[in-house]
Each structure stands twice: as structure tokens, then as C-alpha cells.
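Peer 1: Have a look at the structure that comes next, please.
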2 protein chains.
Amino acid sequence: MSDSRITVSLVEYVEGAVRFYATDLQELERRGLAYTKAEVFYNPHMRSNRDIAVAVASTLGEGFSGADVMAASGVRVLRLAAEAGGGRLIANDRNPLAVYAIRKGVRANELSDRVRVWMMDANEASLKIRDFGRVDYLDVDPFGSPASYVWAAVQAVKRGGVLAVTATDTPVLYGVYPAKLHRAYLAWGEKTEFHKEMGLRLLAAFVLRVAAMYDLVATPILAHATRHYARVYFSIDRGALRALNAFEENVGWILYCQRCGWREVKRRSYPPEGEVCGFCSHEASLIGPAWLGEMQNQDLLSRVIRWSEEKPHWISEEARSILRALASEVGLPPLYYDLDAIASRMKLPSASPRAVVEELESRGFRASMSHCEKKAVKTDARLEDVMAVIKDLARERA
Amino acid sequence: MSDSRITVSLVEYVEGAVRFYATDLQELERRGLAYTKAEVFYNPHMRSNRDIAVAVASTLGEGFSGADVMAASGVRVLRLAAEAGGGRLIANDRNPLAVYAIRKGVRANELSDRVRVWMMDANEASLKIRDFGRVDYLDVDPFGSPASYVWAAVQAVKRGGVLAVTATDTPVLYGVYPAKLHRAYLAWGEKTEFHKEMGLRLLAAFVLRVAAMYDLVATPILAHATRHYARVYFSIDRGALRALNAFEENVGWILYCQRCGWREVKRRSYPPEGEVCGFCSHEASLIGPAWLGEMQNQDLLSRVIRWSEEKPHWISEEARSILRALASEVGLPPLYYDLDAIASRMKLPSASPRAVVEELESRGFRASMSHCEKKAVKTDARLEDVMAVIKDLARERA
């Protein structure tokens, strides 16, 4: 290949019911380049993200309108059309090669009557959608933080429609870099033993806060932390007063003890002051503003699961198992307990989460595994109760 | 006038060096309508706002580029061209009648070669400017809160350029409605005895925080609270690390005692916890995130004042007197003391701010009046010291 020649090599992929074109990942690998160097980026590890998106969008009904403002290969929009029954769809990307690939994909799947392809900045696309006809479903799926796209995106969704937001800057969102967390999400957080759910709740509150500036309400209806991404779906409503009420009722602060793992939530706008650990009296860390309400809408989740289970040829087992795990978490209070961390502090062997859930239930508590972590348990029991269970289970085995 | 006829009546106004067209305010008044009902809005009470804008922009040098994304009658842009030497200017408004009026104004002042007129949403205009050529000066001057325009506006300014932001939702920004304050500016605040400077500092921190999401730094260089508006000018720089440093150094929290008026600032990202009043030990209120650094850039202010004093035919005495007042505040710590409020708590007659400033200076403190309030004093003295001065002055007069 001479230096004066540019060779673009797109390869056909298949996902769900569609085929589409993207940069050849194997070729990239042969050239020693990372996934992220692909000009038309397709990440097969994010399939569960798209599977669940398609299943959620299917609940909007045949012919719904939708957009992916950072569409890349367009696979998500093609699937929204071919699998979820989307009618008036927009695939936008600012990269002309992506637009080229999307057009090829639209034709290959004979979806030209349902998918339009735009080439502009994601925020500009959202504002155009706002001005020329809001959509039932809008997806913001950037590489990195979605924070700088939320402002425009919330305005582009119809009342009663769904906004879906992905974050892949999870070290930031999960509290590894507190200064960056504040810079990206205008929130305070740090490393915790429930970092993934913390991240989901900070992301949810961020979107709610930004939406409120536009007299919009963004209520979380489904959220999951999977692999290296966090994903929250919101139902969009209108009204300044509703936005204020959403704050009052469900946004607040998480108190956390770095020494013993104790945590508590406070439903209040102002940062609580002078709080100490309710277990060991160590100074409590302050995390928030966080969404403290339900992260999963039970009714929606049931419909999404039912639809997905009927479509195993399109919706991966990974996605379906995430959805089932989410269903088991409904109604449990915020945050989870990391069994390894607690057992390690107690200098005991860790316990099986299934055994801990069963034991907590037998003691009258509600409990379930968390979809976020293999060794995590969500429960309405206090830290002391979880510790007692771990201790008793260790004794039984001894 | 029959119902089937629409009569648009624009009248010529003069401000500074330009004439321009806007809705006839006297006619509105005759019809019993408020200023805010004008289709092409011109508010003569905001003249000081524009006077100072022109003076600040003049420091950018002959031929600078600029935009007003909510231009209304266009008076500001016309003045930027005719008085400040602006070269490539954009007057944008989403209202077609405003665009019509601006075009008439451009022609009346023979500025067609320097002013282009756009008709779009303010955020769309900012994004267009970002994509097709950032400007040296950008003005965001909405009716109400500027919060929903800041994210696009910060991206439209060149490195080293100036962003100017007006807020007219001052009851919100000044802490009268804490829930609305959080909704609009993602900050916490309440009524205080330094509410105007609090508002300026919350607005400054808000813009800084939003800019940081885009790896931009917005540093306040001039700020004033005048009549019913708050106004902050920012110098725009680039760099994720610089943005983080700006936080660390100059953004933090204000502690305030509702009982005795005591206040203290804390330069830290996390909300401080468990703070009590340093004077009366009452629980301290938490206000922030607030900009705690210098609000006025001394060098810029000197140039702005020098330029303005040479242009008394364009720059009103009101504006020049605000600028002189700002100069006297340079270098003094954040926030001011409200003499009436303090004296009233002490059950003493209030003192003349000039006398208090002189007395504080004679006791070795730095002090000046505040441009925000007639009966307010800025000083590096503590509350106790100010109280002692008020007491001594009252005794002298007795």
C-alpha cells in the first residue's frame, strides 16, 4: 500500500436481526491497534447494551419514532427498526465514514423507508429533533462521558418517551477519581463498596438535574452496570413543579463509612452536615446528589423481559440474564453489600451470595443478589445483620 | 384596527453611538402592557449592562469577532461594532420580528459589512459559531436564567476570548427560592445578608463547572450585580487539567450563620460537614459551590475604566460609577457586611458605610464599599471587628 493511497475497509457484521458494516476488528488487531481506533466503531462487547435497548424500545409500540445521535455503524438503529418495530428513525453521526457505513447498512436491510441518516454533531442533532419533531426514543451512547450531550438530548424526547444514556467513563463515575467525577457529573463521590450502583445513581441524578433546567423530568425506569459501561433509561415528562417534586422525593445523599462499610441515605437537597458512621462513629463520607428512588420500573421490566424471552434469536442470553437480575432487585433499598469486603474486614472467609440471601430471608429480611457484582447482596437488613449472617455461615462451615 | 389586521409598530431608539428599532414602549404602556410583552424587547434600564459590555469588548482590539445569541433589537451588537471596534459580528435571535428590526438597525448605522444577522435558537447559534469559527466575544443575555444556554455558549468562545452572561432571575439566584436555585444552577443557597455577591459567585461557579465538562476553563474577570440583574464576564481558556486546578484553587463553599450573620469560606470541593458558626456556635448554613477567587481582573478593569472615562458620550455615568466601585473592591475577600442588618441585630442605629470603611482602615483593616448595596462594606475584618466599629460610631454620635 503506497502512502498516497487511502484504503477504507469495512466488513459486514451480524447482530440480532440485522447486518451492517463497520471497521474490520480482526484487521485492527492484526495491525496491533485497539478497538477504539476503529473509524467506524463496532464493539461486540456492548451487545447486551443494544439488546436491552431494543427490548425497552419495543414497549413503545409499533411505529415509534427514535434516534441514535452517535450511531457509529448504525447497528442500534437498524435493530430498533428490524426488531423493535421502530417507524421513523434517525441515525446520526458526525463521522462521514460512519454515515457511509450506515447508509450501506440501511440498504442491506431494506430499511430506507424507516431510517434517515444525518451527519452532524450529536447536540445539534438533538436540537434539530427538538425543533422538527421530538421522538419517542433517544439514545446517547458516546465513548466516555455522556454528560456533555444530556442537555440537548433531554429536550429531544416526547412527553412519555424514553431517553437512554450510556457512560463508559466508569472509573470516573465509580469514584476512582473524585475531582474528575465532579468535573464530569457535578457530583461528589469516592471509592466505595457499592461503586457500580453509586455510579448508576449519580448518573441518574445528573440527568434529572440537567433535565430540570429545561422544566423536564427524567425519571429512571431501568438501569444496569454491565462490563465496562453504566446505562440508565429515563421516562421523560414535562413540568417545572414536577421537576422540583422529583428532587424533593428521590434525590439526596449517601453517607458512607470508609472504615467499616456502613452506609445510609438521606432524602434532602442540602448536603447533610456533621454525619458520623452509625456503626463505628468514624467520620462519614458524603456522596451525591444521588437518585435514591427505584431504579427499575417493575411494569416496564416485566414487559421487557417477556418480550426478550420470546426473542432468544435476537436478544442474547447475557442481556436476558441481566434483565432477570434487575427484576429480582425491584423494591429493595438503594446500594448493595460487598460480601468479600465485609468478610475480609471480619477476617472470615467470604460467603456465597446465594447462601447469604437465603439466610437473610429466613431471618425475615428482604434480599437478592445484585446484578452489579457477583459477590454482592441487596437487602433491607443493616450492616450488622449481614455481618451476623456471614459469621454464622462461616461457623457452620468450620 | 380590525381583527383581521396585524399592525407591527417599531420605533427608533438611540443608545450610545447607534440608533435601532424596537417595540414602542410608550405605546405598550398606554395599552397597559408590561415591558416584557414587547415583541422586540428593548429595556432602557439595562443600558449599564450594555455600556459595560461595550467597554469590556473594546479591550479585545479593533476588528474583534463577537456574537449576541439573544440579540432582540440588536442594540448591543450595533454598539459593539460602532463603539468597541468589533469587526465580524453576529446578531442572532429566534424571533423573526427581532431579525427584521436588527436588519433595519444594521442598515441605519451602515454596518452591513460588519454585522451578520442570524435567526435560530440561541444554543444552535452557539454551536454553529463553534463549528464555523469561534468568536472573541460572546454575549448570553436572556430574559430569566442563562443556565440552559451556558453549555453551548462556552464552546463558542476562542481561547483568550470573553464570555458574558446575564441572569435576570435574581430572586432565584439570590437565594429567595432555594429549590429553584438548585434546579436552575445546580447549587445550594438561601437568603443571606450578602445575597447579591452570593448570586454572582454561584453564577460564576456554575459557568466554571459547565465549562469544565468541555475541558474549558471559565475564569471570572468582571462581575456586577446591578438593578435587577447579575452579570459575570469570563475569560475562556482550554485544558482539562487547568479546569481541575481552577476548581481546586477557587471553588468551594460559604458557611453562613442565619442567627448572627457570621460567614466563612472553605476552598474545597466536597461540602464541608458539621460546621457551626464561629461566632455564636449556631448551626452554619452551607452555600455553594461558589467561586471564591477574585471576581474582578484588576488589569482588565483599569483598561475598561480608562476607555469608558474617555467615552462619556457613549458610556453612561451609571456604568462608569459601577466600574469605579468594582475597582475599589479588588483584592478584598469574598462577601460583604450589611450594616443595617448588623446594627439592627445589635439594636443600634445603622452607620454610614463611608464612616465604617474609614474607621476599619484606621484600625489597620482593608475595607471598601460594595457596589452591590448602598449600606454594605467589604473588608478583611471579622464580624466582631465590624460590630465594634458600629458600636463605637453609635457611641460617638450619642
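Labels used: A, B, ... for chains in the order of the C-alpha cells, numbers from 1 for residues in each chain, and numbers from 1 for ligands as shown.
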When you get a sec, could you note down which chain A residues fall within 8 Å of chain B, using only C-alpha atoms, as a list in words?
Peer 2: Glu124, Leu127, Ala147, Ser148, Trp151, Ala179, Lys180, Arg183, Ala184, Tyr185, Leu186, Trp188, Arg209, Ala212, Met213, Tyr214, Leu244, Ser269, Tyr270, Pro271, Pro272, Glu273, Gly274, Glu275 and Leu286 of chain A
Peer 1: Skipping near chain neighbours, those fewer than 6 positions away, what residues fall within 8 Å of Ala84 (chain A) using only C-alpha atoms, listed as a ChimeraX atom specification?
Peer 2: /A:54-55,57-58,62
Peer 1: What separation in Å, quoted to one decimal, exists between CA of Cys277 (chain A) and CA of Val265 (chain A)?
Peer 2: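 Value for the CA of Cys277 (chain A)-CA of Val265 (chain A) distance: 11.8 Å.
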Peer 1: Which of region 35-161 of chain A counts as alpha helix (DSSP H) under DSSP, as a PyMOL selection string please?
Peer 2: chain A and resi 47-58+75-82+96-108+122-132+147-155
Peer 1: Excluding Thr192 (chain A) and any residue of its chain fewer than 4 positions from it, enumerate the residues within 10 Å of it, using only C-alpha atoms, and give them as a list in words.
Peer 2: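 Counting only C-alpha atoms, the residues come to Tyr174, Gly175, Val176, Lys196, Glu197, Met198, Tyr256, Cys257, Gln258, Gly261, Arg263, Ser285, Ile287 and Asp338 of chain A.
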Peer 1: Write out as a list in words each polymer residue whose atoms come within 8 Å of region 138-144 of chain A, counting only C-alpha atoms; drop sequence neighbours fewer than 3 positions from it.
Peer 2: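 The residues satisfying every condition are Gly66, Ala67, Asp68, Val69, Met70, Ala71, Val135, Tyr149, Val150, Ala153, Ala156, Val157, Val162, Leu163, Ala164, Val165, Thr166, Ala167, Thr168 and Asp169 of chain A.
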Peer 1: Contacts of Arg227 (chain A) at 12 Å or less, counting only C-alpha atoms, minus same-chain residues fewer than 5 places along, as a JSON list (two decimals) with N, CA, C and O atoms, in the first residue's frame?
Peer 2:
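Now in around_4.json:
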[["chain", "number", "residue", "atom", "x", "y", "z"],
["A", 44, "PRO", "N", -18.46, -5.46, 19.85],
["A", 44, "PRO", "CA", -19.33, -6.62, 20.12],
["A", 44, "PRO", "C", -19.57, -6.85, 21.61],
["A", 44, "PRO", "O", -20.58, -7.44, 21.99],
["A", 45, "HIS", "N", -18.65, -6.33, 22.46],
["A", 45, "HIS", "CA", -18.84, -6.50, 23.91],
["A", 45, "HIS", "C", -19.98, -5.65, 24.45],
["A", 45, "HIS", "O", -20.38, -5.80, 25.60],
["A", 46, "MET", "N", -20.47, -4.71, 23.63],
["A", 46, "MET", "CA", -21.59, -3.87, 24.07],
["A", 46, "MET", "C", -22.91, -4.41, 23.55],
["A", 46, "MET", "O", -23.92, -3.72, 23.58],
["A", 47, "ARG", "N", -22.92, -5.65, 23.08],
["A", 47, "ARG", "CA", -24.15, -6.19, 22.52],
["A", 47, "ARG", "C", -25.30, -6.15, 23.54],
["A", 47, "ARG", "O", -26.44, -5.82, 23.20],
["A", 48, "SER", "N", -25.00, -6.49, 24.79],
["A", 48, "SER", "CA", -26.07, -6.52, 25.81],
["A", 48, "SER", "C", -26.72, -5.14, 25.93],
["A", 48, "SER", "O", -27.93, -5.02, 26.15],
["A", 49, "ASN", "N", -25.90, -4.10, 25.80],
["A", 49, "ASN", "CA", -26.40, -2.73, 25.82],
["A", 49, "ASN", "C", -27.48, -2.55, 24.75],
["A", 49, "ASN", "O", -28.59, -2.08, 25.02],
["A", 167, "ALA", "N", -22.73, 5.52, 29.90],
["A", 167, "ALA", "CA", -21.44, 6.10, 30.29],
["A", 167, "ALA", "C", -20.39, 5.00, 30.21],
["A", 167, "ALA", "O", -20.61, 3.90, 30.73],
["A", 168, "THR", "N", -19.27, 5.29, 29.55],
["A", 168, "THR", "CA", -18.18, 4.30, 29.57],
["A", 168, "THR", "C", -16.97, 4.83, 30.34],
["A", 168, "THR", "O", -15.96, 4.16, 30.43],
["A", 169, "ASP", "N", -17.09, 6.04, 30.88],
["A", 169, "ASP", "CA", -16.01, 6.56, 31.73],
["A", 169, "ASP", "C", -16.24, 6.07, 33.16],
["A", 169, "ASP", "O", -16.27, 6.85, 34.11],
["A", 170, "THR", "N", -16.35, 4.75, 33.30],
["A", 170, "THR", "CA", -16.76, 4.20, 34.59],
["A", 170, "THR", "C", -15.75, 4.43, 35.72],
["A", 170, "THR", "O", -16.19, 4.60, 36.85],
["A", 196, "LYS", "N", -20.59, 0.50, 41.76],
["A", 196, "LYS", "CA", -21.34, 0.46, 40.49],
["A", 196, "LYS", "C", -22.75, 1.03, 40.66],
["A", 196, "LYS", "O", -23.21, 1.80, 39.83],
["A", 318, "GLU", "N", -26.93, -13.13, 27.69],
["A", 318, "GLU", "CA", -26.33, -12.18, 28.64],
["A", 318, "GLU", "C", -27.33, -11.07, 28.99],
["A", 318, "GLU", "O", -27.54, -10.76, 30.15],
["A", 319, "ALA", "N", -27.98, -10.52, 27.96],
["A", 319, "ALA", "CA", -28.94, -9.44, 28.19],
["A", 319, "ALA", "C", -30.13, -9.95, 28.99],
["A", 319, "ALA", "O", -30.60, -9.29, 29.93],
["A", 322, "ILE", "N", -29.25, -10.33, 32.58],
["A", 322, "ILE", "CA", -29.20, -9.03, 33.27],
["A", 322, "ILE", "C", -30.61, -8.59, 33.65],
["A", 322, "ILE", "O", -30.87, -8.17, 34.78],
["A", 371, "HIS", "N", -27.21, -7.29, 40.37],
["A", 371, "HIS", "CA", -26.71, -7.56, 39.02],
["A", 371, "HIS", "C", -25.33, -6.96, 38.82],
["A", 371, "HIS", "O", -24.63, -7.31, 37.88],
["A", 372, "CYS", "N", -24.94, -6.03, 39.71],
["A", 372, "CYS", "CA", -23.70, -5.28, 39.51],
["A", 372, "CYS", "C", -22.45, -6.12, 39.75],
["A", 372, "CYS", "O", -21.45, -5.98, 39.06],
["A", 373, "GLU", "N", -22.51, -6.95, 40.78],
["A", 373, "GLU", "CA", -21.32, -7.67, 41.22],
["A", 373, "GLU", "C", -21.69, -9.10, 41.55],
["A", 373, "GLU", "O", -22.76, -9.35, 42.09],
["A", 374, "LYS", "N", -20.77, -10.02, 41.32],
["A", 374, "LYS", "CA", -21.04, -11.43, 41.61],
["A", 374, "LYS", "C", -21.18, -11.68, 43.10],
["A", 374, "LYS", "O", -21.98, -12.50, 43.52]]
Peer 1: Skipping near chain neighbours, those fewer than 2 positions away, what residues fall within 12 Å of Arg397 (chain A) using only C-alpha atoms, listed as a list of chain:residue names?
Peer 2: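 Those residues are A:Leu348, A:Pro349, A:Ser350, A:Ala351, A:Ser352, A:Ala355, A:Ile390, A:Lys391, A:Asp392, A:Leu393, A:Ala394, A:Arg395.
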Peer 1: Print the selection's residues with all heavy atoms to a file, as a PDB file, in the first residue's frame.
Peer 2:
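out25.pdb, written as the output of this step:
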ATOM      1  N   LEU A 348     -12.801 -13.261  58.107  1.00  0.00           N
ATOM      2  CA  LEU A 348     -13.518 -14.525  57.934  1.00  0.00           C
ATOM      3  C   LEU A 348     -13.512 -14.874  56.453  1.00  0.00           C
ATOM      4  O   LEU A 348     -13.347 -13.995  55.612  1.00  0.00           O
ATOM      5  CB  LEU A 348     -14.977 -14.375  58.396  1.00  0.00           C
ATOM      6  CG  LEU A 348     -15.232 -14.310  59.897  1.00  0.00           C
ATOM      7  CD1 LEU A 348     -16.703 -14.013  60.156  1.00  0.00           C
ATOM      8  CD2 LEU A 348     -14.814 -15.625  60.566  1.00  0.00           C
ATOM      9  N   PRO A 349     -13.711 -16.152  56.117  1.00  0.00           N
ATOM     10  CA  PRO A 349     -13.874 -16.482  54.704  1.00  0.00           C
ATOM     11  C   PRO A 349     -15.160 -15.845  54.184  1.00  0.00           C
ATOM     12  O   PRO A 349     -16.122 -15.696  54.930  1.00  0.00           O
ATOM     13  CB  PRO A 349     -13.970 -18.010  54.697  1.00  0.00           C
ATOM     14  CG  PRO A 349     -14.380 -18.379  56.079  1.00  0.00           C
ATOM     15  CD  PRO A 349     -13.800 -17.342  56.982  1.00  0.00           C
ATOM     16  N   SER A 350     -15.155 -15.459  52.909  1.00  0.00           N
ATOM     17  CA  SER A 350     -16.351 -14.845  52.337  1.00  0.00           C
ATOM     18  C   SER A 350     -17.449 -15.897  52.204  1.00  0.00           C
ATOM     19  O   SER A 350     -17.190 -17.096  52.260  1.00  0.00           O
ATOM     20  CB  SER A 350     -16.027 -14.239  50.977  1.00  0.00           C
ATOM     21  OG  SER A 350     -17.131 -13.505  50.513  1.00  0.00           O
ATOM     22  N   ALA A 351     -18.667 -15.436  52.046  1.00  0.00           N
ATOM     23  CA  ALA A 351     -19.804 -16.345  51.957  1.00  0.00           C
ATOM     24  C   ALA A 351     -20.378 -16.325  50.550  1.00  0.00           C
ATOM     25  O   ALA A 351     -20.181 -15.370  49.805  1.00  0.00           O
ATOM     26  CB  ALA A 351     -20.869 -15.923  52.960  1.00  0.00           C
ATOM     27  N   SER A 352     -21.089 -17.370  50.191  1.00  0.00           N
ATOM     28  CA  SER A 352     -21.771 -17.400  48.900  1.00  0.00           C
ATOM     29  C   SER A 352     -22.946 -16.433  48.957  1.00  0.00           C
ATOM     30  O   SER A 352     -23.726 -16.448  49.914  1.00  0.00           O
ATOM     31  CB  SER A 352     -22.273 -18.820  48.623  1.00  0.00           C
ATOM     32  OG  SER A 352     -23.632 -18.796  48.238  1.00  0.00           O
ATOM     33  N   ALA A 355     -26.242 -18.105  49.502  1.00  0.00           N
ATOM     34  CA  ALA A 355     -26.459 -18.557  50.881  1.00  0.00           C
ATOM     35  C   ALA A 355     -26.823 -17.382  51.785  1.00  0.00           C
ATOM     36  O   ALA A 355     -27.710 -17.490  52.651  1.00  0.00           O
ATOM     37  CB  ALA A 355     -25.196 -19.253  51.404  1.00  0.00           C
ATOM     38  N   ILE A 390     -22.811 -13.579  57.808  1.00  0.00           N
ATOM     39  CA  ILE A 390     -21.504 -14.046  57.324  1.00  0.00           C
ATOM     40  C   ILE A 390     -20.799 -14.853  58.418  1.00  0.00           C
ATOM     41  O   ILE A 390     -20.220 -15.914  58.173  1.00  0.00           O
ATOM     42  CB  ILE A 390     -20.635 -12.848  56.878  1.00  0.00           C
ATOM     43  CG1 ILE A 390     -21.222 -12.223  55.600  1.00  0.00           C
ATOM     44  CG2 ILE A 390     -19.186 -13.268  56.653  1.00  0.00           C
ATOM     45  CD1 ILE A 390     -20.541 -10.946  55.146  1.00  0.00           C
ATOM     46  N   LYS A 391     -20.898 -14.344  59.634  1.00  0.00           N
ATOM     47  CA  LYS A 391     -20.250 -15.006  60.771  1.00  0.00           C
ATOM     48  C   LYS A 391     -20.850 -16.397  61.005  1.00  0.00           C
ATOM     49  O   LYS A 391     -20.127 -17.390  61.142  1.00  0.00           O
ATOM     50  CB  LYS A 391     -20.452 -14.133  62.021  1.00  0.00           C
ATOM     51  CG  LYS A 391     -19.557 -14.475  63.186  1.00  0.00           C
ATOM     52  CD  LYS A 391     -19.666 -13.380  64.237  1.00  0.00           C
ATOM     53  CE  LYS A 391     -19.211 -13.882  65.590  1.00  0.00           C
ATOM     54  NZ  LYS A 391     -19.570 -12.909  66.649  1.00  0.00           N
ATOM     55  N   ASP A 392     -22.184 -16.462  60.993  1.00  0.00           N
ATOM     56  CA  ASP A 392     -22.853 -17.734  61.251  1.00  0.00           C
ATOM     57  C   ASP A 392     -22.568 -18.749  60.149  1.00  0.00           C
ATOM     58  O   ASP A 392     -22.362 -19.934  60.422  1.00  0.00           O
ATOM     59  CB  ASP A 392     -24.366 -17.516  61.402  1.00  0.00           C
ATOM     60  CG  ASP A 392     -24.683 -16.694  62.655  1.00  0.00           C
ATOM     61  OD1 ASP A 392     -23.762 -16.527  63.490  1.00  0.00           O
ATOM     62  OD2 ASP A 392     -25.818 -16.205  62.785  1.00  0.00           O
ATOM     63  N   LEU A 393     -22.548 -18.264  58.898  1.00  0.00           N
ATOM     64  CA  LEU A 393     -22.268 -19.179  57.788  1.00  0.00           C
ATOM     65  C   LEU A 393     -20.841 -19.709  57.879  1.00  0.00           C
ATOM     66  O   LEU A 393     -20.577 -20.877  57.581  1.00  0.00           O
ATOM     67  CB  LEU A 393     -22.492 -18.474  56.443  1.00  0.00           C
ATOM     68  CG  LEU A 393     -23.959 -18.195  56.070  1.00  0.00           C
ATOM     69  CD1 LEU A 393     -24.041 -17.357  54.797  1.00  0.00           C
ATOM     70  CD2 LEU A 393     -24.744 -19.496  55.893  1.00  0.00           C
ATOM     71  N   ALA A 394     -19.906 -18.849  58.297  1.00  0.00           N
ATOM     72  CA  ALA A 394     -18.507 -19.283  58.433  1.00  0.00           C
ATOM     73  C   ALA A 394     -18.396 -20.332  59.538  1.00  0.00           C
ATOM     74  O   ALA A 394     -17.671 -21.325  59.410  1.00  0.00           O
ATOM     75  CB  ALA A 394     -17.617 -18.077  58.750  1.00  0.00           C
ATOM     76  N   ARG A 395     -19.146 -20.119  60.623  1.00  0.00           N
ATOM     77  CA  ARG A 395     -19.109 -21.056  61.753  1.00  0.00           C
ATOM     78  C   ARG A 395     -19.661 -22.421  61.330  1.00  0.00           C
ATOM     79  O   ARG A 395     -19.082 -23.456  61.640  1.00  0.00           O
ATOM     80  CB  ARG A 395     -19.929 -20.484  62.915  1.00  0.00           C
ATOM     81  CG  ARG A 395     -19.683 -21.201  64.232  1.00  0.00           C
ATOM     82  CD  ARG A 395     -20.491 -20.564  65.359  1.00  0.00           C
ATOM     83  NE  ARG A 395     -20.109 -19.184  65.612  1.00  0.00           N
ATOM     84  CZ  ARG A 395     -20.952 -18.223  66.007  1.00  0.00           C
ATOM     85  NH1 ARG A 395     -22.242 -18.494  66.161  1.00  0.00           N
ATOM     86  NH2 ARG A 395     -20.515 -17.005  66.234  1.00  0.00           N
TER      87      ARG A 395
END
Peer 1: Which residue gives the smallest distance to Pro334 (chain A) among A:Pro220, A:Gly293, A:Pro171, A:Gly105, with only C-alpha atoms counted?
Peer 2: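 Closest to Pro334 (chain A), using only C-alpha atoms: A:Gly293.
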Peer 1: What separation in Å, quoted to one decimal, exists between CA of Ala34 (chain A) and CA of Leu97 (chain A)?
Peer 2: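 Value for the CA of Ala34 (chain A)-CA of Leu97 (chain A) distance: 18.4 Å.
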Peer 1: Apply DSSP to the backbone of this structure and, from region 231-327 of chain A, keep only the residues in strand (DSSP E or B); write these as a PyMOL selection string.
Peer 2: chain A and resi 231-238+251-256+263-266+276+283+285-291
Peer 1: Go ahead and compute the interatomic distance for CA of Met119 (chain A) and CA of Arg50 (chain A), in Å to one decimal.
Peer 2: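 CA of Met119 (chain A) sits 21.3 Å away from CA of Arg50 (chain A).
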Peer 1: Nearest residue to Arg231 (chain B) out of B:Leu89, B:Leu203, B:Cys260, B:Leu181, using only C-alpha atoms?
Peer 2: B:Leu203
Peer 1: Which one is closest to Leu10 (chain A): A:Ser73, A:Asn109, A:Ser321, A:Asn43? Count only C-alpha atoms.
Peer 2: A:Ser73
